[in-house]
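Have a look at the structure below before the remarks.
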Amino acid sequence: MARNGVEFGIRVAGLGEPWFTAPASVVEGVYFPGSAAGDANLDTGDSAIMETYGLGGLAMASSPAVQKIVGAKSWEDALATTRDMGEICVGRNPLFPIAVLGGEGTPTGIDIRRVVKTSIVPKITTAIAHRAAPRMIGAGIATAPMAPFVAALRAFAERYGAARA
């Protein structure tokens, strides 16, 4: 997953080079003093890479400090996010155990089939960039758009057949 402040995109193992894209989302978050939502760029940066490894939004339940920084409503909300992310992943990363989940690893391996089937999209914990100046003005949670996952699943089905999709 990647985003550049204009588009959000995914590349999928087994589908080669194509990027499946949609417009980048607004980041919901907490702003530094003197900054506001009107100053923010759309979702941008390299944070989405961490989610594909089982960190960031997928591991939100494991870090109360990050929960507060990105503006999660509560610890329960962060826990629900991690559990939801588990619904769209193929496994758990044993290198990153979550104590409050009995040592379960963080959700890892986002599966386009599960995203489309459940309508649950990845959550990305991220910095918020200023729309005009090259600086960070806050931190928050971006929600990946569904369209790239649907397009990738269609391409997957075309290549490998609907039975595997």
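How things are named: the first chain in the structure tokens is A, the next is B, and so on; residues count from 1 in each chain; ligands count from 1 in the order shown.
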Near Val26 of chain A, within 7 Å and counting only C-alpha atoms, which residues show up once chain neighbours fewer than 5 positions away are dropped, as a compact mmCIF listing (two decimals) with C-alpha atoms, in the first residue's frame?
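So the final result, stored in around.txt, reads:
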# COMPACT_ATOMS: atom_id res chain seq x y z
CA LEU A 42 -4.86 14.27 1.82
CA ASP A 43 -3.28 11.06 3.08
CA ALA A 142 -6.46 7.26 7.46
Each segment 128-152 of chain A residue no farther than 10 Å from segment 108-114 of chain A, nearest pair in Å, only C-alpha atoms, as CSV:
residue,atom,partner,partner_atom,distance
A:Met146,CA,A:Ile112,CA,9.7
A:Pro148,CA,A:Ile112,CA,9.1
A:Phe149,CA,A:Ile112,CA,5.5
A:Val150,CA,A:Ile112,CA,7.6
A:Ala151,CA,A:Ile112,CA,9.5
A:Ala152,CA,A:Ile112,CA,7.2
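Using only C-alpha atoms, the contacts of Ala65 of chain A at a cut-off of 12 Å, with sequence neighbours closer than 6 positions omitted, comprise Gly71, Ala72, Ser74, Trp75 and Ala78 of chain A.
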Next, the residues of the selection above should be written as a PDB file, in the first residue's frame with all heavy atoms.
ATOM      1  N   GLY A  71      -5.343  10.087  17.855  1.00  0.00           N
ATOM      2  CA  GLY A  71      -6.714  10.491  18.099  1.00  0.00           C
ATOM      3  C   GLY A  71      -7.732   9.374  18.165  1.00  0.00           C
ATOM      4  O   GLY A  71      -8.926   9.617  17.930  1.00  0.00           O
ATOM      5  N   ALA A  72      -7.298   8.144  18.497  1.00  0.00           N
ATOM      6  CA  ALA A  72      -8.280   7.074  18.697  1.00  0.00           C
ATOM      7  C   ALA A  72      -9.222   7.507  19.815  1.00  0.00           C
ATOM      8  O   ALA A  72      -8.797   8.122  20.800  1.00  0.00           O
ATOM      9  CB  ALA A  72      -7.580   5.763  19.049  1.00  0.00           C
ATOM     10  N   SER A  74     -10.825   5.828  22.071  1.00  0.00           N
ATOM     11  CA  SER A  74     -10.628   5.136  23.346  1.00  0.00           C
ATOM     12  C   SER A  74      -9.755   3.910  23.115  1.00  0.00           C
ATOM     13  O   SER A  74      -9.520   3.506  21.975  1.00  0.00           O
ATOM     14  CB  SER A  74     -11.977   4.690  23.924  1.00  0.00           C
ATOM     15  OG  SER A  74     -12.565   3.700  23.081  1.00  0.00           O
ATOM     16  N   TRP A  75      -9.332   3.313  24.199  1.00  0.00           N
ATOM     17  CA  TRP A  75      -8.583   2.069  24.089  1.00  0.00           C
ATOM     18  C   TRP A  75      -9.465   0.991  23.474  1.00  0.00           C
ATOM     19  O   TRP A  75      -9.021   0.194  22.654  1.00  0.00           O
ATOM     20  CB  TRP A  75      -8.060   1.612  25.458  1.00  0.00           C
ATOM     21  CG  TRP A  75      -7.302   0.337  25.339  1.00  0.00           C
ATOM     22  CD1 TRP A  75      -6.003   0.201  24.971  1.00  0.00           C
ATOM     23  CD2 TRP A  75      -7.820  -0.979  25.528  1.00  0.00           C
ATOM     24  NE1 TRP A  75      -5.675  -1.135  24.922  1.00  0.00           N
ATOM     25  CE2 TRP A  75      -6.774  -1.874  25.263  1.00  0.00           C
ATOM     26  CE3 TRP A  75      -9.061  -1.491  25.887  1.00  0.00           C
ATOM     27  CZ2 TRP A  75      -6.920  -3.253  25.360  1.00  0.00           C
ATOM     28  CZ3 TRP A  75      -9.213  -2.862  25.978  1.00  0.00           C
ATOM     29  CH2 TRP A  75      -8.150  -3.723  25.715  1.00  0.00           C
ATOM     30  N   ALA A  78      -9.421   1.361  19.804  1.00  0.00           N
ATOM     31  CA  ALA A  78      -8.160   0.860  19.249  1.00  0.00           C
ATOM     32  C   ALA A  78      -8.158  -0.668  19.214  1.00  0.00           C
ATOM     33  O   ALA A  78      -7.718  -1.280  18.230  1.00  0.00           O
ATOM     34  CB  ALA A  78      -6.986   1.384  20.056  1.00  0.00           C
TER      35      ALA A  78
END
Inset, instruction - Skip Asn41 of chain A itself and residues of its chain fewer than 5 positions away, then list as a VMD selection string all residues within 9 Å of it, counting only C-alpha atoms. - result: chain A and resid 5 to 6 26 to 27 128 to 132
Legend entry - Surrounding residues of Ile137 of chain A excluding itself and chain neighbours under 4 positions, 9 Å, only C-alpha atoms, as JSON, numbers by chain: {"A": [30, 31, 32, 33, 34, 35, 36, 39, 40, 127, 128, 129, 130]}
With N, CA, C and O atoms retained, could you export that selection as a PDB file, in the first residue's frame?
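Saved file again-v7.pdb follows:
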ATOM      1  N   VAL A  30      -5.487  14.446  15.138  1.00  0.00           N
ATOM      2  CA  VAL A  30      -5.218  15.487  16.118  1.00  0.00           C
ATOM      3  C   VAL A  30      -4.184  16.427  15.510  1.00  0.00           C
ATOM      4  O   VAL A  30      -3.160  15.977  14.987  1.00  0.00           O
ATOM      5  N   TYR A  31      -4.461  17.730  15.603  1.00  0.00           N
ATOM      6  CA  TYR A  31      -3.579  18.722  15.002  1.00  0.00           C
ATOM      7  C   TYR A  31      -2.732  19.425  16.055  1.00  0.00           C
ATOM      8  O   TYR A  31      -3.179  19.628  17.185  1.00  0.00           O
ATOM      9  N   PHE A  32      -1.528  19.770  15.665  1.00  0.00           N
ATOM     10  CA  PHE A  32      -0.660  20.556  16.533  1.00  0.00           C
ATOM     11  C   PHE A  32      -1.258  21.957  16.700  1.00  0.00           C
ATOM     12  O   PHE A  32      -1.997  22.427  15.815  1.00  0.00           O
ATOM     13  N   PRO A  33      -0.946  22.625  17.811  1.00  0.00           N
ATOM     14  CA  PRO A  33      -1.455  23.984  18.003  1.00  0.00           C
ATOM     15  C   PRO A  33      -1.122  24.876  16.799  1.00  0.00           C
ATOM     16  O   PRO A  33      -0.014  24.835  16.266  1.00  0.00           O
ATOM     17  N   GLY A  34      -2.109  25.637  16.359  1.00  0.00           N
ATOM     18  CA  GLY A  34      -1.928  26.526  15.227  1.00  0.00           C
ATOM     19  C   GLY A  34      -2.277  25.895  13.886  1.00  0.00           C
ATOM     20  O   GLY A  34      -2.264  26.577  12.866  1.00  0.00           O
ATOM     21  N   SER A  35      -2.581  24.606  13.865  1.00  0.00           N
ATOM     22  CA  SER A  35      -2.954  23.909  12.628  1.00  0.00           C
ATOM     23  C   SER A  35      -4.374  23.375  12.756  1.00  0.00           C
ATOM     24  O   SER A  35      -4.858  23.124  13.859  1.00  0.00           O
ATOM     25  N   ALA A  36      -5.024  23.193  11.620  1.00  0.00           N
ATOM     26  CA  ALA A  36      -6.396  22.695  11.596  1.00  0.00           C
ATOM     27  C   ALA A  36      -6.619  21.852  10.350  1.00  0.00           C
ATOM     28  O   ALA A  36      -5.775  21.826   9.443  1.00  0.00           O
ATOM     29  N   ASP A  39      -5.777  22.966   6.862  1.00  0.00           N
ATOM     30  CA  ASP A  39      -4.367  23.068   6.479  1.00  0.00           C
ATOM     31  C   ASP A  39      -3.820  21.751   5.929  1.00  0.00           C
ATOM     32  O   ASP A  39      -2.724  21.712   5.379  1.00  0.00           O
ATOM     33  N   ALA A  40      -4.564  20.673   6.102  1.00  0.00           N
ATOM     34  CA  ALA A  40      -4.036  19.331   5.842  1.00  0.00           C
ATOM     35  C   ALA A  40      -4.109  18.910   4.384  1.00  0.00           C
ATOM     36  O   ALA A  40      -5.056  19.224   3.662  1.00  0.00           O
ATOM     37  N   ALA A 127       1.256  10.402  10.039  1.00  0.00           N
ATOM     38  CA  ALA A 127       1.421  11.837  10.250  1.00  0.00           C
ATOM     39  C   ALA A 127       0.465  12.561   9.313  1.00  0.00           C
ATOM     40  O   ALA A 127       0.046  12.020   8.289  1.00  0.00           O
ATOM     41  N   ILE A 128       0.107  13.773   9.671  1.00  0.00           N
ATOM     42  CA  ILE A 128      -0.698  14.618   8.794  1.00  0.00           C
ATOM     43  C   ILE A 128       0.229  15.702   8.250  1.00  0.00           C
ATOM     44  O   ILE A 128       0.852  16.439   9.018  1.00  0.00           O
ATOM     45  N   ALA A 129       0.315  15.768   6.940  1.00  0.00           N
ATOM     46  CA  ALA A 129       1.184  16.752   6.286  1.00  0.00           C
ATOM     47  C   ALA A 129       0.393  18.005   5.926  1.00  0.00           C
ATOM     48  O   ALA A 129      -0.792  17.933   5.596  1.00  0.00           O
ATOM     49  N   HIS A 130       1.079  19.139   5.955  1.00  0.00           N
ATOM     50  CA  HIS A 130       0.480  20.399   5.532  1.00  0.00           C
ATOM     51  C   HIS A 130       0.249  20.341   4.029  1.00  0.00           C
ATOM     52  O   HIS A 130       1.039  19.754   3.288  1.00  0.00           O
TER      53      HIS A 130
END
Inset, instruction - Pick out the residues sitting within 10 Å of Gln67 of chain A, and hand them over as a VMD selection string; count only C-alpha atoms, and ignore anything fewer than 2 positions along from it in its own chain. - result: chain A and resid 57 60 to 65 69 to 75 77 to 79 125 140 to 141
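The two atoms in question, atom CA of Gly54 of chain A and atom CA of Lys68 of chain A, are spaced 19.4 Å apart.
The two atoms in question, atom CA of Thr126 of chain A and atom CA of Ala37 of chain A, are spaced 14.5 Å apart.
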Find the spatial neighbours of Leu101 of chain A, counting only C-alpha atoms, within a cut-off of 10 Å - ignore same-chain residues fewer than 3 positions away - and output them as a PDB file with C-alpha atoms, in the first residue's frame.
ATOM      1  CA  ALA A  61      -4.293  -2.102  20.522  1.00  0.00           C
ATOM      2  CA  SER A  62      -0.680  -2.618  21.564  1.00  0.00           C
ATOM      3  CA  LEU A  79      -8.745  -2.752  20.314  1.00  0.00           C
ATOM      4  CA  THR A  82      -6.916  -4.316  15.725  1.00  0.00           C
ATOM      5  CA  ARG A  83      -9.593  -7.019  15.863  1.00  0.00           C
ATOM      6  CA  PRO A  97       2.819 -10.094  20.250  1.00  0.00           C
ATOM      7  CA  ILE A  98      -0.002  -8.011  21.694  1.00  0.00           C
ATOM      8  CA  GLU A 104      -1.425 -12.994  19.763  1.00  0.00           C
ATOM      9  CA  GLY A 105       0.727 -11.511  17.036  1.00  0.00           C
ATOM     10  CA  THR A 106      -0.353  -8.439  15.146  1.00  0.00           C
TER      11      THR A 106
END
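For segment 44-97 of chain A, a DSSP pass over the backbone yields alpha helix (DSSP H) at Ser47, Ala48, Ile49, Met50, Glu51, Thr52, Tyr53, Pro64, Ala65, Val66, Gln67, Lys68, Ile69, Val70, Trp75, Glu76, Asp77, Ala78, Leu79, Ala80, Thr81, Thr82, Arg83, Asp84, Met85, Gly86 and Glu87 of chain A.
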Legend entry - Nearest to Ile10 of chain A, chosen from A:Ala80, A:Ile49, A:Leu55, A:Ala133, with only C-alpha atoms counted in the distances: A:Ile49
Inset, instruction - Return as number ranges by chain the full set of residues in segment 5-64 of chain A whose backbone-based DSSP assignment is strand (DSSP E or B). - result: A: 7-10, 20-23, 28-31, 40, 44-45
Selected residues written out with N, CA and C atoms, as a PDB file, in the first residue's frame:
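Result file is result_11.pdb:
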ATOM      1  N   GLU A   7      -3.318  10.119  -4.598  1.00  0.00           N
ATOM      2  CA  GLU A   7      -3.879   8.786  -4.786  1.00  0.00           C
ATOM      3  C   GLU A   7      -3.409   7.836  -3.688  1.00  0.00           C
ATOM      4  N   PHE A   8      -4.246   6.842  -3.430  1.00  0.00           N
ATOM      5  CA  PHE A   8      -3.906   5.696  -2.598  1.00  0.00           C
ATOM      6  C   PHE A   8      -3.811   4.523  -3.561  1.00  0.00           C
ATOM      7  N   GLY A   9      -2.826   3.656  -3.385  1.00  0.00           N
ATOM      8  CA  GLY A   9      -2.714   2.521  -4.283  1.00  0.00           C
ATOM      9  C   GLY A   9      -2.208   1.269  -3.597  1.00  0.00           C
ATOM     10  N   ILE A  10      -2.527   0.139  -4.223  1.00  0.00           N
ATOM     11  CA  ILE A  10      -1.997  -1.144  -3.748  1.00  0.00           C
ATOM     12  C   ILE A  10      -1.409  -1.900  -4.930  1.00  0.00           C
ATOM     13  N   PHE A  20      -3.330  -0.530  -8.306  1.00  0.00           N
ATOM     14  CA  PHE A  20      -4.776  -0.339  -8.269  1.00  0.00           C
ATOM     15  C   PHE A  20      -4.994   0.871  -7.365  1.00  0.00           C
ATOM     16  N   THR A  21      -5.595   1.930  -7.897  1.00  0.00           N
ATOM     17  CA  THR A  21      -5.613   3.208  -7.196  1.00  0.00           C
ATOM     18  C   THR A  21      -7.016   3.802  -7.055  1.00  0.00           C
ATOM     19  N   ALA A  22      -7.092   4.762  -6.151  1.00  0.00           N
ATOM     20  CA  ALA A  22      -8.286   5.582  -5.930  1.00  0.00           C
ATOM     21  C   ALA A  22      -7.814   6.874  -5.280  1.00  0.00           C
ATOM     22  N   PRO A  23      -8.667   7.880  -5.236  1.00  0.00           N
ATOM     23  CA  PRO A  23      -8.255   9.123  -4.569  1.00  0.00           C
ATOM     24  C   PRO A  23      -7.856   8.883  -3.114  1.00  0.00           C
ATOM     25  N   GLU A  28      -8.225  11.592   9.584  1.00  0.00           N
ATOM     26  CA  GLU A  28      -8.928  12.060  10.780  1.00  0.00           C
ATOM     27  C   GLU A  28      -7.923  12.016  11.913  1.00  0.00           C
ATOM     28  N   GLY A  29      -7.701  13.146  12.587  1.00  0.00           N
ATOM     29  CA  GLY A  29      -6.698  13.103  13.623  1.00  0.00           C
ATOM     30  C   GLY A  29      -6.656  14.282  14.553  1.00  0.00           C
ATOM     31  N   VAL A  30      -5.487  14.446  15.138  1.00  0.00           N
ATOM     32  CA  VAL A  30      -5.218  15.487  16.118  1.00  0.00           C
ATOM     33  C   VAL A  30      -4.184  16.427  15.510  1.00  0.00           C
ATOM     34  N   TYR A  31      -4.461  17.730  15.603  1.00  0.00           N
ATOM     35  CA  TYR A  31      -3.579  18.722  15.002  1.00  0.00           C
ATOM     36  C   TYR A  31      -2.732  19.425  16.055  1.00  0.00           C
ATOM     37  N   ALA A  40      -4.564  20.673   6.102  1.00  0.00           N
ATOM     38  CA  ALA A  40      -4.036  19.331   5.842  1.00  0.00           C
ATOM     39  C   ALA A  40      -4.109  18.910   4.384  1.00  0.00           C
ATOM     40  N   THR A  44      -0.872  10.963   2.870  1.00  0.00           N
ATOM     41  CA  THR A  44       0.407  10.843   2.173  1.00  0.00           C
ATOM     42  C   THR A  44       1.456  10.247   3.101  1.00  0.00           C
ATOM     43  N   GLY A  45       2.531   9.758   2.541  1.00  0.00           N
ATOM     44  CA  GLY A  45       3.648   9.264   3.337  1.00  0.00           C
ATOM     45  C   GLY A  45       3.864   7.776   3.201  1.00  0.00           C
TER      46      GLY A  45
END
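With only C-alpha atoms as the basis for measurement, A:Ala59 is the residue among A:Ala157, A:Met50, A:Val116, A:Ala59 that approaches Thr81 of chain A most closely.
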Inset, instruction - Enter the distance from atom CA of Thr52 of chain A to atom CA of Pro18 of chain A, in Å, rounded to one decimal. - result: 17.5 Å
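The residue that comes closest to Val90 of chain A, out of A:Glu76, A:Ser119, A:Tyr53, A:Ala139 and on the basis of only C-alpha atoms, is A:Tyr53.
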